[in-house]
>>> print(open('my_file.csv').read())   # CSV, C-alpha atoms
chain,number,residue,atom,x,y,z
W,21,MET,CA,81.9,107.9,137.1
W,22,ALA,CA,82.9,105.3,134.5
W,23,GLN,CA,82.2,102.7,137.2
W,24,GLU,CA,78.6,103.9,137.5
W,25,ALA,CA,76.5,100.9,138.5
W,26,VAL,CA,75.1,99.0,135.5
W,27,SER,CA,71.3,99.0,135.9
W,28,ALA,CA,69.7,95.7,137.0
W,29,GLY,CA,67.6,95.3,133.9
W,30,ASP,CA,70.8,95.6,131.7
W,31,ALA,CA,71.6,91.9,132.1
W,32,GLN,CA,68.6,90.8,130.1
W,33,GLN,CA,69.3,93.1,127.2
W,34,ALA,CA,71.1,92.1,124.1
W,35,GLY,CA,72.1,93.5,120.7
W,36,TRP,CA,70.2,96.6,119.6
W,37,GLU,CA,68.5,97.1,122.9
W,38,THR,CA,71.8,97.9,124.6
W,39,ILE,CA,72.5,100.6,122.0
W,40,VAL,CA,69.1,102.2,122.5
W,41,THR,CA,69.5,102.1,126.3
W,42,ASP,CA,73.0,103.5,126.2
W,43,TRP,CA,72.1,106.4,123.9
W,44,SER,CA,68.7,107.3,125.3
W,45,SER,CA,69.3,107.3,129.1
W,46,ASP,CA,70.1,110.6,130.8
W,47,LYS,CA,73.7,109.7,131.6
W,48,GLN,CA,77.0,109.1,129.9
W,49,THR,CA,76.8,107.1,126.7
W,50,PHE,CA,80.1,105.4,126.5
W,51,ARG,CA,80.9,103.2,129.5
W,52,VAL,CA,84.7,103.6,129.0
W,53,PRO,CA,87.1,106.1,130.5
W,54,TRP,CA,86.4,109.5,128.9
W,55,GLY,CA,90.0,109.7,127.6
W,56,LYS,CA,89.5,106.5,125.7
W,57,ALA,CA,86.2,107.7,124.1
W,58,MET,CA,87.8,111.0,123.1
W,59,MET,CA,90.8,109.2,121.6
W,60,TRP,CA,88.5,107.1,119.5
W,61,ILE,CA,86.6,110.2,118.3
W,62,PHE,CA,89.9,111.8,117.4
W,63,LEU,CA,91.0,108.7,115.5
W,64,LEU,CA,87.7,108.8,113.7
W,65,SER,CA,88.3,112.3,112.5
W,66,ASP,CA,91.9,111.3,111.5
W,67,THR,CA,90.3,108.4,109.5
W,68,PHE,CA,88.4,111.0,107.5
W,69,ILE,CA,91.6,113.1,106.8
W,70,PHE,CA,93.6,110.1,105.7
W,71,THR,CA,90.7,108.8,103.5
W,72,CYS,CA,90.4,112.2,101.9
W,73,PHE,CA,94.2,112.1,101.0
W,74,LEU,CA,94.0,108.5,99.7
W,75,THR,CA,90.8,109.2,97.7
W,76,GLY,CA,92.4,112.3,96.2
W,77,TYR,CA,95.3,110.1,95.2
W,78,MET,CA,93.0,107.5,93.7
W,79,ASN,CA,91.2,110.2,91.7
W,80,VAL,CA,94.4,111.8,90.2
W,81,ARG,CA,95.9,108.4,89.5
W,82,MET,CA,92.7,107.3,87.7
W,83,SER,CA,92.4,110.4,85.7
W,84,THR,CA,95.9,110.9,84.5
W,85,THR,CA,96.7,109.9,80.9
W,86,VAL,CA,100.4,109.7,81.6
W,87,PRO,CA,101.8,106.3,83.0
W,88,TRP,CA,102.2,106.1,86.8
W,89,PRO,CA,105.8,105.6,88.0
W,90,ASN,CA,106.4,102.0,89.1
W,91,PRO,CA,106.5,101.9,92.9
W,92,SER,CA,108.2,98.5,93.2
W,93,GLU,CA,111.1,99.9,91.2
W,94,VAL,CA,111.3,103.3,92.8
W,95,PHE,CA,111.2,101.9,96.3
W,96,GLY,CA,113.5,98.9,95.7
W,97,LEU,CA,116.8,98.5,97.4
W,98,ASP,CA,120.1,97.1,96.0
W,99,VAL,CA,121.2,94.2,98.2
W,100,PHE,CA,124.8,93.2,97.3
W,101,GLY,CA,124.2,94.3,93.7
W,102,VAL,CA,120.8,92.6,93.3
W,103,SER,CA,117.8,95.0,93.1
W,104,VAL,CA,115.0,93.7,95.4
W,105,PRO,CA,111.7,95.3,94.5
W,106,LEU,CA,109.9,97.3,97.2
W,107,LEU,CA,112.3,96.0,99.9
W,108,LEU,CA,112.6,99.2,101.9
W,109,ILE,CA,108.8,99.5,102.2
W,110,GLY,CA,108.6,95.8,103.2
W,111,ILE,CA,111.1,96.4,106.0
W,112,MET,CA,109.2,99.5,107.2
W,113,THR,CA,105.9,97.5,107.2
W,114,PHE,CA,107.5,94.8,109.4
W,115,ASP,CA,109.0,97.4,111.7
W,116,LEU,CA,105.6,99.0,112.3
W,117,ILE,CA,103.9,95.6,112.8
W,118,THR,CA,106.5,94.7,115.3
W,119,SER,CA,106.0,97.9,117.2
W,120,SER,CA,102.3,97.3,117.3
W,121,GLY,CA,102.9,94.0,119.0
W,122,THR,CA,105.2,95.5,121.6
W,123,MET,CA,102.6,98.2,122.2
W,124,ALA,CA,99.8,95.6,122.8
W,125,LEU,CA,102.0,93.8,125.3
W,126,ALA,CA,102.7,97.1,127.1
W,127,VAL,CA,99.0,97.7,127.5
W,128,ASN,CA,98.6,94.3,129.0
W,129,PHE,CA,101.5,94.7,131.5
W,130,GLY,CA,100.1,98.2,132.3
W,131,TYR,CA,96.9,96.7,133.6
W,132,ARG,CA,98.9,94.2,135.6
W,133,ARG,CA,100.7,97.2,137.2
W,134,ASP,CA,104.1,95.9,136.1
W,135,ARG,CA,105.6,99.4,135.7
W,136,GLY,CA,109.1,98.3,134.6
W,137,ARG,CA,107.9,96.1,131.8
W,138,THR,CA,105.3,98.5,130.6
W,139,ALA,CA,107.7,101.4,130.4
W,140,ALA,CA,110.4,99.2,128.7
W,141,LEU,CA,107.9,97.9,126.1
W,142,MET,CA,106.7,101.5,125.4
W,143,PHE,CA,110.2,102.7,125.0
W,144,LEU,CA,110.9,99.8,122.6
W,145,THR,CA,107.7,100.7,120.7
W,146,ALA,CA,108.9,104.3,120.5
W,147,GLY,CA,112.3,103.1,119.3
W,148,PHE,CA,110.7,101.1,116.5
W,149,GLY,CA,108.7,104.3,115.6
W,150,ALA,CA,111.9,106.3,115.5
W,151,LEU,CA,113.5,103.7,113.3
W,152,PHE,CA,110.5,103.9,110.9
W,153,VAL,CA,110.9,107.7,110.7
W,154,GLY,CA,114.6,107.2,110.0
W,155,MET,CA,113.9,104.8,107.2
W,156,GLN,CA,111.4,107.3,105.8
W,157,ALA,CA,114.0,110.0,105.8
W,158,PHE,CA,116.2,107.7,103.8
W,159,GLU,CA,113.3,106.9,101.5
W,160,TRP,CA,112.6,110.6,100.9
W,161,THR,CA,116.3,111.4,100.3
W,162,GLU,CA,116.5,108.5,97.7
W,163,LEU,CA,113.4,109.8,95.9
W,164,ILE,CA,114.4,113.4,95.8
W,165,LEU,CA,118.1,113.0,95.0
W,166,LYS,CA,118.3,109.6,93.1
W,167,TRP,CA,115.0,109.6,91.2
W,168,GLY,CA,114.4,113.4,91.0
W,169,ILE,CA,110.8,113.2,92.3
W,170,ARG,CA,109.3,116.6,93.1
W,171,PRO,CA,105.8,117.6,94.2
W,172,TRP,CA,105.2,119.3,90.9
W,173,GLY,CA,106.8,116.7,88.6
W,174,ASN,CA,109.3,113.9,88.0
W,175,PRO,CA,111.2,112.3,85.2
W,176,LEU,CA,109.4,108.9,85.6
W,177,GLY,CA,105.8,109.6,84.6
W,178,ALA,CA,102.7,111.2,86.0
W,179,SER,CA,103.6,114.5,87.8
W,180,GLN,CA,100.9,113.8,90.4
W,181,PHE,CA,103.0,111.0,91.8
W,182,GLY,CA,105.2,113.3,93.8
W,183,ALA,CA,102.4,115.4,95.2
W,184,CYS,CA,100.5,112.3,96.4
W,185,PHE,CA,103.7,110.7,97.8
W,186,PHE,CA,105.0,113.6,99.8
W,187,MET,CA,101.5,114.6,101.1
W,188,ILE,CA,100.4,111.1,102.2
W,189,THR,CA,103.7,109.7,103.6
W,190,GLY,CA,104.6,113.0,105.1
W,191,PHE,CA,101.4,113.3,107.0
W,192,HIS,CA,101.8,109.7,108.1
W,193,GLY,CA,105.4,110.3,109.2
W,194,LEU,CA,104.2,113.3,111.2
W,195,HIS,CA,101.8,111.0,113.0
W,196,VAL,CA,104.6,108.5,113.7
W,197,SER,CA,106.9,111.2,115.0
W,198,ALA,CA,104.2,112.6,117.3
W,199,GLY,CA,103.5,109.1,118.5
W,200,VAL,CA,107.2,108.6,119.4
W,201,VAL,CA,107.1,111.7,121.5
W,202,TYR,CA,103.7,110.8,123.1
W,203,LEU,CA,104.7,107.3,123.9
W,204,SER,CA,108.0,108.4,125.4
W,205,ILE,CA,106.3,110.9,127.7
W,206,VAL,CA,103.7,108.4,128.9
W,207,ALA,CA,106.4,105.8,129.4
W,208,MET,CA,108.4,108.1,131.6
W,209,LYS,CA,105.4,108.9,133.7
W,210,VAL,CA,104.6,105.2,134.0
W,211,LEU,CA,108.1,104.6,135.2
W,212,ARG,CA,107.8,107.4,137.7
W,213,GLY,CA,104.6,105.9,139.1
W,214,ASP,CA,102.3,108.8,138.2
W,215,TYR,CA,99.5,106.5,137.3
W,216,GLU,CA,99.5,104.4,140.5
W,217,LYS,CA,96.3,106.1,141.7
W,218,LYS,CA,94.6,106.9,138.4
W,219,GLY,CA,95.1,103.5,136.9
W,220,TYR,CA,96.7,102.5,133.6
W,221,GLU,CA,94.0,103.3,131.1
W,222,ILE,CA,96.4,105.9,129.7
W,223,VAL,CA,98.7,103.2,128.3
W,224,GLU,CA,95.8,101.7,126.4
W,225,ILE,CA,94.8,105.1,125.1
W,226,ALA,CA,98.3,105.8,123.9
W,227,GLY,CA,98.2,102.3,122.5
W,228,LEU,CA,95.1,103.1,120.5
W,229,TYR,CA,96.9,106.0,118.8
W,230,TRP,CA,99.9,103.9,118.0
W,231,HIS,CA,97.8,101.0,116.5
W,232,PHE,CA,96.0,103.6,114.4
W,233,VAL,CA,99.3,104.8,113.0
W,234,ASP,CA,100.0,101.2,112.0
W,235,LEU,CA,96.5,100.8,110.7
W,236,VAL,CA,96.9,103.8,108.4
W,237,TRP,CA,100.2,102.3,107.1
W,238,VAL,CA,98.3,99.1,106.2
W,239,PHE,CA,96.1,101.1,103.8
W,240,ILE,CA,99.0,103.3,102.5
W,241,PHE,CA,101.1,100.2,101.8
W,242,ALA,CA,98.3,98.4,100.0
W,243,VAL,CA,96.9,101.2,97.8
W,244,PHE,CA,100.0,103.4,97.3
W,245,TYR,CA,103.0,101.1,97.2
W,246,LEU,CA,101.5,97.8,96.0
W,247,TRP,CA,98.7,98.9,93.6
Z,13,MET,CA,84.6,94.7,132.0
Z,14,ALA,CA,85.6,97.9,130.3
Z,15,ALA,CA,85.6,99.7,133.7
Z,16,GLU,CA,88.4,97.4,135.0
Z,17,GLY,CA,90.3,97.9,131.8
Z,18,GLN,CA,90.9,95.5,128.9
Z,19,GLN,CA,92.7,92.5,130.4
Z,20,HIS,CA,93.1,89.5,128.1
Z,21,PRO,CA,95.5,86.5,128.0
Z,22,LEU,CA,98.8,87.3,126.4
Z,23,LYS,CA,98.4,84.3,124.0
Z,24,ILE,CA,95.9,86.1,121.8
Z,25,TYR,CA,98.3,89.0,121.2
Z,26,PHE,CA,101.0,86.7,120.2
Z,27,VAL,CA,98.7,84.8,117.8
Z,28,ILE,CA,97.4,88.0,116.2
Z,29,TRP,CA,101.0,89.3,116.0
Z,30,GLY,CA,102.0,86.2,114.2
Z,31,LEU,CA,99.1,86.4,111.8
Z,32,LEU,CA,99.9,90.1,111.0
Z,33,PHE,CA,103.4,89.0,110.1
Z,34,VAL,CA,102.1,86.3,107.8
Z,35,PHE,CA,99.6,88.7,106.1
Z,36,SER,CA,102.3,91.4,105.8
Z,37,ALA,CA,104.7,88.9,104.1
Z,38,ALA,CA,101.8,87.7,101.9
Z,39,SER,CA,100.9,91.2,100.8
Z,40,TYR,CA,104.6,92.0,100.1
Z,41,PHE,CA,104.8,89.0,97.8
Z,42,THR,CA,101.8,90.2,95.8
Z,43,ASP,CA,104.3,92.6,94.4
Z,44,PHE,CA,105.8,89.8,92.4
Z,45,LEU,CA,102.5,89.0,90.7
Z,46,PRO,CA,101.5,90.5,87.3
Z,47,HIS,CA,99.3,93.6,87.5
Z,48,ASN,CA,95.8,92.2,87.1
Z,49,ALA,CA,92.5,91.9,89.0
Z,50,PHE,CA,93.7,88.8,90.9
Z,51,ARG,CA,96.7,90.8,92.3
Z,52,GLN,CA,94.5,93.7,93.3
Z,53,GLY,CA,92.0,91.4,94.9
Z,54,LEU,CA,94.8,89.8,97.0
Z,55,ILE,CA,96.1,93.3,98.0
Z,56,LEU,CA,92.6,94.3,99.2
Z,57,LEU,CA,92.0,91.0,100.9
Z,58,PHE,CA,95.3,91.2,103.0
Z,59,MET,CA,94.7,94.9,103.7
Z,60,ILE,CA,91.2,94.2,105.1
Z,61,LEU,CA,92.4,91.2,107.1
Z,62,LYS,CA,95.2,93.1,108.7
Z,63,ALA,CA,93.1,96.2,109.4
Z,64,GLY,CA,90.4,94.0,110.9
Z,65,PHE,CA,92.7,92.2,113.3
Z,66,ILE,CA,94.4,95.4,114.4
Z,67,VAL,CA,91.1,97.1,115.2
Z,68,ALA,CA,89.4,94.1,116.7
Z,69,ILE,CA,92.2,92.6,118.8
Z,70,PHE,CA,95.0,95.1,119.3
Z,71,MET,CA,92.6,98.1,119.7
Z,72,HIS,CA,90.2,95.9,121.7
Z,73,MET,CA,87.2,96.8,119.6
Z,74,ALA,CA,85.9,93.2,119.8
Z,75,TRP,CA,85.4,93.6,123.5
Z,76,GLU,CA,83.9,97.1,123.6
Z,77,ARG,CA,80.2,97.8,124.1
Z,78,ARG,CA,78.1,98.2,120.9
Z,79,ALA,CA,77.4,101.8,121.6
Z,80,LEU,CA,81.1,102.7,121.1
Z,81,ILE,CA,81.7,100.2,118.3
Z,82,TYR,CA,78.8,101.6,116.1
Z,83,ALA,CA,79.6,105.2,116.9
Z,84,ILE,CA,83.2,104.7,115.7
Z,85,LEU,CA,82.9,102.2,112.9
Z,86,GLY,CA,79.6,103.4,111.5
Z,87,PRO,CA,80.6,106.9,110.2
Z,88,PRO,CA,83.5,105.7,108.0
Z,89,ILE,CA,80.8,103.9,105.9
Z,90,VAL,CA,80.0,107.3,104.3
Z,91,LEU,CA,83.6,107.4,103.1
Z,92,LEU,CA,82.8,104.5,100.8
Z,93,VAL,CA,80.3,106.8,99.1
Z,94,LEU,CA,83.1,109.4,98.6
Z,95,ILE,CA,85.4,106.8,97.2
Z,96,GLY,CA,82.7,105.6,94.8
Z,97,LEU,CA,81.9,109.1,93.6
Z,98,MET,CA,85.6,110.0,93.1
Z,99,ALA,CA,86.2,106.8,91.2
Z,100,VAL,CA,83.4,107.6,88.8
Z,101,GLU,CA,84.7,111.2,88.6
Z,102,GLY,CA,88.2,110.0,87.9
Z,103,ASP,CA,87.1,107.7,85.1
Z,104,TYR,CA,85.1,110.6,83.5
Z,105,THR,CA,88.0,113.0,83.8
Z,106,GLU,CA,90.3,110.5,82.1
Z,107,LEU,CA,87.9,110.0,79.2
Z,108,LYS,CA,87.6,113.7,78.7
Z,109,ARG,CA,91.3,114.1,78.7
Z,110,LEU,CA,91.8,111.2,76.3
Z,111,ASP,CA,89.2,112.8,74.0
Z,112,PHE,CA,90.8,116.3,74.2
Z,113,PHE,CA,94.4,115.1,73.7
Z,114,SER,CA,93.4,113.0,70.7
Z,115,LYS,CA,92.2,116.0,68.8
Z,116,PRO,CA,94.7,117.6,66.4
Z,117,ILE,CA,96.5,120.7,67.6
Z,118,VAL,CA,96.4,122.3,64.1
Z,119,PRO,CA,92.9,123.8,63.7
Z,120,THR,CA,90.7,122.0,61.2
Z,121,ARG,CA,88.9,123.9,58.4
Z,122,GLN,CA,85.7,123.8,60.4
Z,123,ASP,CA,87.4,125.4,63.5
Z,124,ALA,CA,89.1,128.0,61.3
Z,125,GLY,CA,85.7,128.8,59.9
Z,126,HIS,CA,84.3,129.4,63.4
Z,127,GLU,CA,87.2,131.7,64.2
Z,128,ALA,CA,86.6,133.6,61.0
Z,129,GLU,CA,83.0,134.0,61.9
Z,130,ALA,CA,83.9,135.2,65.4
Z,131,ALA,CA,86.3,137.8,63.9
Z,132,HIS,CA,83.4,139.5,62.0
>>> encode(input="my_file.csv", output="structure tokens")
Amino acid sequence: MAQEAVSAGDAQQAGWETIVTDWSSDKQTFRVPWGKAMMWIFLLSDTFIFTCFLTGYMNVRMSTTVPWPNPSEVFGLDVFGVSVPLLLIGIMTFDLITSSGTMALAVNFGYRRDRGRTAALMFLTAGFGALFVGMQAFEWTELILKWGIRPWGNPLGASQFGACFFMITGFHGLHVSAGVVYLSIVAMKVLRGDYEKKGYEIVEIAGLYWHFVDLVWVFIFAVFYLW
Amino acid sequence: MAAEGQQHPLKIYFVIWGLLFVFSAASYFTDFLPHNAFRQGLILLFMILKAGFIVAIFMHMAWERRALIYAILGPPIVLLVLIGLMAVEGDYTELKRLDFFSKPIVPTRQDAGHEAEAAH
């Protein structure tokens, strides 16, 4: 159905005309596999959820009259006795960027029907994801035990800091964890040859989800950790 | 093209991957700058560049049909309105709080007068 013949007049159309044709004709609108369209719509709804969290954070940070705790100090790491600001978060950022790259390669090898490499790259991606969640667990432990951050208050400054932190990074960590499970399941099915007939769009769809998780982290890193 | 799947040369993924590493490193090093508008501008610049490359290349949005691109990337524009409104609201709330907290806790003669009136 997705392969439905493109009408002959379509070739002459450009720009806005293609949008009008696609939306107004009595057939499917998105000429992509339905799973891909649905994943995009799910990601759109997720965008709204994360934006609401980040906007709420912006609002409480702007309106508090108490100084905001300094993220580069709180999330620093001691390396051989030298305190490097924000190091842990930097490592987590590079970890996710790396996993995004391996995922993009997995999608490519999927369409080449190279099952071994596709599955291996997906497992590698899931591994980087698991590593990220592990580092997040360490980060939360440090914040709770070493710095005494609680959702209702902390000794460093504005009490809204903890609520924002646990809500935003917790929800993101949940997405990463779900992604690790999702990627592992799809990778196993790829390895087993379940998609030989259906085609390998599923790898791209799983990839969309994974890239989105990385995308959300880009925004969290910029506005929560660096600001 | 979308029907056969998104198949692009590997080179573009490696180039974008490299760029994302460079931008990540650059945004990490903004943390060593003093807190001012310049730093915030850089943070936003690298954020938008990274987000743009991920969506356009890694998520293949650059090669999708416009019907899908506009359906997905259009709605988030309303979120900018929400962000704008909440920024104004946050500013207002802060001013109100500063005003309230700057007032003396001990009631002034005027306030006491009002209380006395209310007691009657």
>>> closest_residue(input="my_file.csv", among="Z:Leu32, Z:Ile95, Z:Leu107, Z:Ile117", to="Asp115 of chain W", atoms="only C-alpha atoms")
Z:Leu32
>>> atom_distance(input="my_file.csv", atom1="atom CA of Trp75 of chain Z", atom2="atom CA of Leu92 of chain Z")
25.3 Å
>>> closest_atom_pairs(input="my_file.csv", of="chain W", to="chain Z", cutoff="6 Å", atoms="only C-alpha atoms", output="JSON lines")
{"residue": "W:Gln23", "atom": "CA", "partner": "Z:Ala15", "partner_atom": "CA", "distance": 5.7}
{"residue": "W:Ile39", "atom": "CA", "partner": "Z:Ala79", "partner_atom": "CA", "distance": 5.1}
{"residue": "W:Val52", "atom": "CA", "partner": "Z:Ala14", "partner_atom": "CA", "distance": 5.9}
{"residue": "W:Thr75", "atom": "CA", "partner": "Z:Ile95", "partner_atom": "CA", "distance": 5.9}
{"residue": "W:Asn79", "atom": "CA", "partner": "Z:Gly102", "partner_atom": "CA", "distance": 4.8}
{"residue": "W:Met82", "atom": "CA", "partner": "Z:Gly102", "partner_atom": "CA", "distance": 5.3}
{"residue": "W:Ser83", "atom": "CA", "partner": "Z:Glu106", "partner_atom": "CA", "distance": 4.2}
{"residue": "W:Gly121", "atom": "CA", "partner": "Z:Trp29", "partner_atom": "CA", "distance": 5.9}
{"residue": "W:Ala124", "atom": "CA", "partner": "Z:Phe70", "partner_atom": "CA", "distance": 6.0}
{"residue": "W:Leu228", "atom": "CA", "partner": "Z:Met71", "partner_atom": "CA", "distance": 5.6}
{"residue": "W:Leu235", "atom": "CA", "partner": "Z:Ala63", "partner_atom": "CA", "distance": 5.9}
{"residue": "W:Ala242", "atom": "CA", "partner": "Z:Ile55", "partner_atom": "CA", "distance": 5.9}
>>> atom_distance(input="my_file.csv", atom1="atom CA of Glu216 of chain W", atom2="atom CA of Arg133 of chain W")
8.0 Å
>>> atom_distance(input="my_file.csv", atom1="atom CA of Trp237 of chain W", atom2="atom CA of Ser197 of chain W")
13.7 Å
>>> decode(input="my_file.csv", residues="segment 90-103 of chain W", atoms="N, CA and C atoms", output="PDB file, in the first residue's frame")
ATOM      1  N   ASN W  90      24.607  25.727  41.502  1.00  0.00           N
ATOM      2  CA  ASN W  90      25.480  25.782  40.319  1.00  0.00           C
ATOM      3  C   ASN W  90      25.697  24.380  39.733  1.00  0.00           C
ATOM      4  N   PRO W  91      25.090  24.092  38.540  1.00  0.00           N
ATOM      5  CA  PRO W  91      25.172  22.728  37.993  1.00  0.00           C
ATOM      6  C   PRO W  91      26.604  22.294  37.717  1.00  0.00           C
ATOM      7  N   SER W  92      27.479  23.224  37.277  1.00  0.00           N
ATOM      8  CA  SER W  92      28.816  22.772  36.886  1.00  0.00           C
ATOM      9  C   SER W  92      29.599  22.299  38.099  1.00  0.00           C
ATOM     10  N   GLU W  93      29.214  22.754  39.288  1.00  0.00           N
ATOM     11  CA  GLU W  93      29.866  22.287  40.514  1.00  0.00           C
ATOM     12  C   GLU W  93      29.234  20.984  40.996  1.00  0.00           C
ATOM     13  N   VAL W  94      27.884  20.967  40.990  1.00  0.00           N
ATOM     14  CA  VAL W  94      27.169  19.799  41.506  1.00  0.00           C
ATOM     15  C   VAL W  94      27.450  18.560  40.660  1.00  0.00           C
ATOM     16  N   PHE W  95      27.570  18.752  39.318  1.00  0.00           N
ATOM     17  CA  PHE W  95      27.755  17.608  38.429  1.00  0.00           C
ATOM     18  C   PHE W  95      29.219  17.427  38.024  1.00  0.00           C
ATOM     19  N   GLY W  96      30.134  18.021  38.771  1.00  0.00           N
ATOM     20  CA  GLY W  96      31.553  17.846  38.491  1.00  0.00           C
ATOM     21  C   GLY W  96      32.040  16.487  38.985  1.00  0.00           C
ATOM     22  N   LEU W  97      33.224  16.108  38.543  1.00  0.00           N
ATOM     23  CA  LEU W  97      33.823  14.860  39.010  1.00  0.00           C
ATOM     24  C   LEU W  97      35.236  15.166  39.484  1.00  0.00           C
ATOM     25  N   ASP W  98      35.677  14.429  40.501  1.00  0.00           N
ATOM     26  CA  ASP W  98      37.064  14.552  40.938  1.00  0.00           C
ATOM     27  C   ASP W  98      37.925  13.574  40.153  1.00  0.00           C
ATOM     28  N   VAL W  99      38.861  14.097  39.369  1.00  0.00           N
ATOM     29  CA  VAL W  99      39.773  13.234  38.617  1.00  0.00           C
ATOM     30  C   VAL W  99      41.159  13.382  39.221  1.00  0.00           C
ATOM     31  N   PHE W 100      41.618  12.351  39.901  1.00  0.00           N
ATOM     32  CA  PHE W 100      42.915  12.375  40.585  1.00  0.00           C
ATOM     33  C   PHE W 100      43.066  13.638  41.443  1.00  0.00           C
ATOM     34  N   GLY W 101      42.046  13.925  42.193  1.00  0.00           N
ATOM     35  CA  GLY W 101      42.115  15.046  43.112  1.00  0.00           C
ATOM     36  C   GLY W 101      41.783  16.396  42.503  1.00  0.00           C
ATOM     37  N   VAL W 102      41.651  16.462  41.170  1.00  0.00           N
ATOM     38  CA  VAL W 102      41.296  17.732  40.533  1.00  0.00           C
ATOM     39  C   VAL W 102      39.807  17.698  40.201  1.00  0.00           C
ATOM     40  N   SER W 103      39.082  18.726  40.605  1.00  0.00           N
ATOM     41  CA  SER W 103      37.652  18.768  40.329  1.00  0.00           C
ATOM     42  C   SER W 103      37.411  19.342  38.930  1.00  0.00           C
TER      43      SER W 103
END
